[in-house]
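Here's the structure, in structure tokens; my notes come after.
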Amino acid sequence: MNGPLGTLSAHHLSNWRQVTGHNIEQTVDAFLTAGEAVLSRLIQGPRGAMILSMVPGDAESGAIYVYDRQSGNMFMLSFDDAYDDQFSAEAFDMTFKTYDLFRFVDQPELLIEDREIAEA
């Protein structure tokens, strides 16, 4: 999908179920601990969760991740015309609406590794 930040794509990072099991709170906590990050936003649905993590003390260091509760896979969202790790909470909120990111919380299987995400 194209928007003001360019084309949106998703990149598979790893499977967190092997590390944390099925508990979403443990998964998010372990993910943030591994990245030495803090949670800025967490949007949950029955099938997925979206995480905005940030470097502690840096309000413009956010990166956007989607966790697929069914498969245990974690994906990072990236945009052609923006740095993937420089989102503020406000920029995330705008991007969430502009790119209709809730669809990935609702249907995380829409994420395709290293490919452009087609418009829904």
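Labels for the structure tokens follow display order: chains A, B, ..., residues from 1 in each chain, ligands from 1.
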
For this session: Within 10 Å of Gln26 of chain A, counting only C-alpha atoms, which residues show up once you throw out same-chain ones fewer than 6 positions away? Write them as a PyMOL selection string, please.
Result: chain A and resi 16-17+19-20+32

Could you please take those selected residues and save C-alpha atoms as a PDB file, in the first residue's frame?
ATOM      1  CA  TRP A  16       8.454 -15.839  19.543  1.00  0.00           C
ATOM      2  CA  ARG A  17       6.210 -18.733  20.526  1.00  0.00           C
ATOM      3  CA  VAL A  19      10.605 -18.395  23.460  1.00  0.00           C
ATOM      4  CA  THR A  20       7.473 -17.408  25.362  1.00  0.00           C
ATOM      5  CA  LEU A  32      10.938  -5.475  24.511  1.00  0.00           C
TER       6      LEU A  32
END

Problem set entry | Distance query segment 96-101 of chain A at most 12 Å, only C-alpha atoms, self and fewer than 6 positions along chain excluded, as JSON, numbers by chain | {"A": [1, 2, 3, 4, 5, 6, 7, 8, 9, 10, 41, 42, 43, 44, 48, 49, 50, 51, 52, 64, 65, 66, 77, 78, 79, 87, 88, 89, 90, 107, 108, 110, 111, 117, 118, 119, 120]}

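The shortest atom-to-atom distance to Pro46 of chain A, with only C-alpha atoms taken into account, belongs to A:Ile24 out of A:Ile24, A:Met94, A:Ala63, A:Leu13.
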
Exercise. Any idea what's packed within 6 Å of Asp106 of chain A, counting only C-alpha atoms, ignoring anything in its chain fewer than 2 positions away? Could you give it as a PyMOL selection string?
Worked result: chain A and resi 45+47+103-104

Would you please give, as an mmCIF file with C-alpha atoms, in the first residue's frame, all residues of segment 50-79 of chain A that DSSP assigns to strand (DSSP E) based on the backbone?
data_model
loop_
_atom_site.group_PDB
_atom_site.id
_atom_site.type_symbol
_atom_site.label_atom_id
_atom_site.label_comp_id
_atom_site.auth_asym_id
_atom_site.auth_seq_id
_atom_site.Cartn_x
_atom_site.Cartn_y
_atom_site.Cartn_z
ATOM 1 C CA MET A 50 0.766 -4.332 17.078
ATOM 2 C CA ILE A 51 3.661 -2.977 19.097
ATOM 3 C CA LEU A 52 5.326 0.425 18.926
ATOM 4 C CA SER A 53 8.604 0.032 20.785
ATOM 5 C CA MET A 54 11.057 2.838 21.535
ATOM 6 C CA ALA A 63 9.559 0.942 15.364
ATOM 7 C CA ILE A 64 6.336 -0.857 14.442
ATOM 8 C CA TYR A 65 5.930 -4.616 14.874
ATOM 9 C CA VAL A 66 3.071 -7.043 14.375
ATOM 10 C CA TYR A 67 2.754 -10.284 16.309
ATOM 11 C CA ASP A 68 0.668 -13.107 14.857
ATOM 12 C CA ASN A 73 5.644 -14.930 14.159
ATOM 13 C CA MET A 74 6.819 -11.351 14.655
ATOM 14 C CA PHE A 75 7.049 -8.933 11.729
ATOM 15 C CA MET A 76 8.540 -5.462 11.401
ATOM 16 C CA LEU A 77 6.716 -2.948 9.229
ATOM 17 C CA SER A 78 8.784 -0.720 7.013
ATOM 18 C CA PHE A 79 8.140 2.172 4.651
#

Exercise. If you run DSSP on the backbone, which residues of chain A are alpha helix (DSSP H), as a ChimeraX atom specification?
Worked result: /A:17-20,24-34,89-98,102-106

Problem set entry | Distance of atom CA of Glu36 of chain A from atom CA of Gly62 of chain A, expressed in Å to one decimal place |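 Separation of atom CA of Gly62 of chain A and atom CA of Glu36 of chain A: 12.3 Å.
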
Exercise. Using only C-alpha atoms, which of the listed residues (A:Asp29, A:Asp80, A:Glu109, A:Asp85) sits closest to His12 of chain A?
Worked result: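 Going through A:Asp29, A:Asp80, A:Glu109, A:Asp85 one by one, the smallest distance to His12 of chain A is for A:Glu109.
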